[in-house]
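The file data.txt contains compact mmCIF, C-alpha atoms:
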```txt
# COMPACT_ATOMS: atom_id res chain seq x y z
CA MET Z 269 83.01 102.26 76.43
CA SER Z 270 84.53 104.85 74.20
CA ILE Z 271 88.18 105.26 73.35
CA LYS Z 272 88.12 108.67 75.04
CA THR Z 273 86.96 107.07 78.31
CA TRP Z 274 89.71 104.46 78.19
CA THR Z 275 92.29 107.08 77.27
CA CYS Z 276 91.30 109.18 80.28
CA ALA Z 277 91.41 106.14 82.56
CA VAL Z 278 94.84 105.11 81.35
CA ALA Z 279 96.12 108.67 81.62
CA ALA Z 280 94.90 108.87 85.22
CA VAL Z 281 96.68 105.65 86.16
CA VAL Z 282 99.89 106.70 84.41
CA ALA Z 283 99.83 110.11 86.09
CA ALA Z 284 99.25 108.57 89.50
CA PHE Z 285 102.09 106.12 88.95
CA ALA Z 286 104.45 108.93 87.95
CA VAL Z 287 103.59 110.94 91.05
CA LEU Z 288 103.96 107.90 93.28
CA THR Z 289 107.27 106.91 91.77
CA ALA Z 290 108.62 110.40 92.38
CA GLY Z 291 107.19 110.43 95.91
CA ILE Z 292 108.85 107.17 96.88
CA HIS Z 293 112.25 108.81 96.64
CA MET Z 294 111.24 111.47 99.19
CA ALA Z 295 109.56 109.16 101.73
CA GLY Z 296 111.00 106.15 103.44
CA GLY Z 297 110.29 102.51 104.25
CA ASP Z 298 106.91 100.99 105.03
CA GLU Z 299 105.05 104.29 105.09
CA ALA Z 300 106.15 105.05 101.54
CA PHE Z 301 105.05 101.59 100.39
CA ALA Z 302 101.66 101.93 102.11
CA ASN Z 303 101.11 105.38 100.60
CA GLN Z 304 102.09 104.19 97.14
CA CYS Z 305 99.91 101.11 97.39
CA ALA Z 306 96.87 103.12 98.56
CA ALA Z 307 97.37 105.76 95.89
CA GLN Z 308 97.48 103.04 93.23
CA CYS Z 309 94.24 101.60 94.61
CA TYR Z 310 92.55 104.99 94.36
CA ALA Z 311 93.89 105.56 90.85
CA GLN Z 312 92.54 102.16 89.79
CA GLU Z 313 89.17 102.93 91.36
CA ASN Z 314 89.03 106.30 89.62
CA ALA Z 315 89.84 104.69 86.28
CA CYS Z 316 87.26 101.94 86.92
CA ARG Z 317 84.52 104.47 87.70
CA LYS Z 318 85.29 106.49 84.58
CA ALA Z 319 85.44 103.40 82.38
CA THR Z 320 82.24 101.81 83.74
CA SER Z 321 80.06 104.87 84.31
CA ASP Z 322 80.43 104.68 88.10
CA ASP Z 323 79.76 100.94 88.54
CA PRO Z 324 79.41 100.01 92.25
CA LYS Z 325 81.84 97.09 91.80
CA CYS Z 326 84.63 99.69 91.62
CA GLY Z 327 84.11 100.51 95.30
CA ALA Z 328 84.28 96.83 96.25
CA GLU Z 329 87.51 96.45 94.29
CA LEU Z 330 88.91 99.53 96.07
CA THR Z 331 88.18 97.97 99.46
CA LYS Z 332 89.94 94.73 98.51
CA CYS Z 333 92.90 96.63 97.13
CA LEU Z 334 93.30 98.76 100.29
CA GLN Z 335 93.03 95.67 102.47
CA SER Z 336 95.82 94.04 100.47
CA CYS Z 337 97.99 97.12 101.06
CA ARG Z 338 97.66 96.64 104.82
CA GLY Z 339 98.52 92.97 104.54
CA LYS Z 340 101.89 93.53 102.86
```

Output the file's structure as structure tokens, nothing else.
Amino acid sequence: MSIKTWTCAVAAVVAAFAVLTAGIHMAGGDEAFANQCAAQCYAQENACRKATSDDPKCGAELTKCLQSCRGK
């Protein structure tokens, strides 16, 4: 993996976190948590796919992550 790939992946996660952090102040309660959790899962999956040239394990990790969001 190249440094450019990792830089893009990290930038995507940081950008998603910034948007989610700002969004939490506008939404309330459990719905805000669920939305933030799911958005983080998708950001992680996006970064994983970019870093691993679209490895199928990224989709499996996304499913586990989303399931954990529902369990909280």

*Rank nothing, just name the residue among Z:Ala315, Z:Thr320, Z:Glu299, Z:Ala306 nearest to Z:Lys332, using all atoms listed in the file.*
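Once distances to Z:Lys332 are computed over all atoms listed in the file, the minimum belongs to Z:Ala306.
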
_Residue with smallest distance to Z:Tyr310 - pool Z:Leu330, Z:Lys325, Z:Cys337, Z:Asp298, counting all atoms listed in the file_ =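 Nearest candidate to Z:Tyr310 out of Z:Leu330, Z:Lys325, Z:Cys337, Z:Asp298: Z:Leu330.
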
*Mind giving me the straight-line distance from atom CA of Z:Ala302 to atom CA of Z:Leu334 in Å, one decimal?*
9.1 Å

*Using all atoms listed in the file, which of Z:Arg317, Z:Gln335, Z:Asp323, Z:Glu329 sits nearest Z:Cys305?*
Z:Gln335

*So how far away is atom CA of Z:Cys333 from atom CA of Z:Cys309, in Å?*
5.7 Å

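Between Z:Cys326 and the residues Z:Glu313, Z:Gln308, Z:Arg338, Z:Gly297, the shortest atom-to-atom distance, using only C-alpha atoms, involves Z:Glu313.
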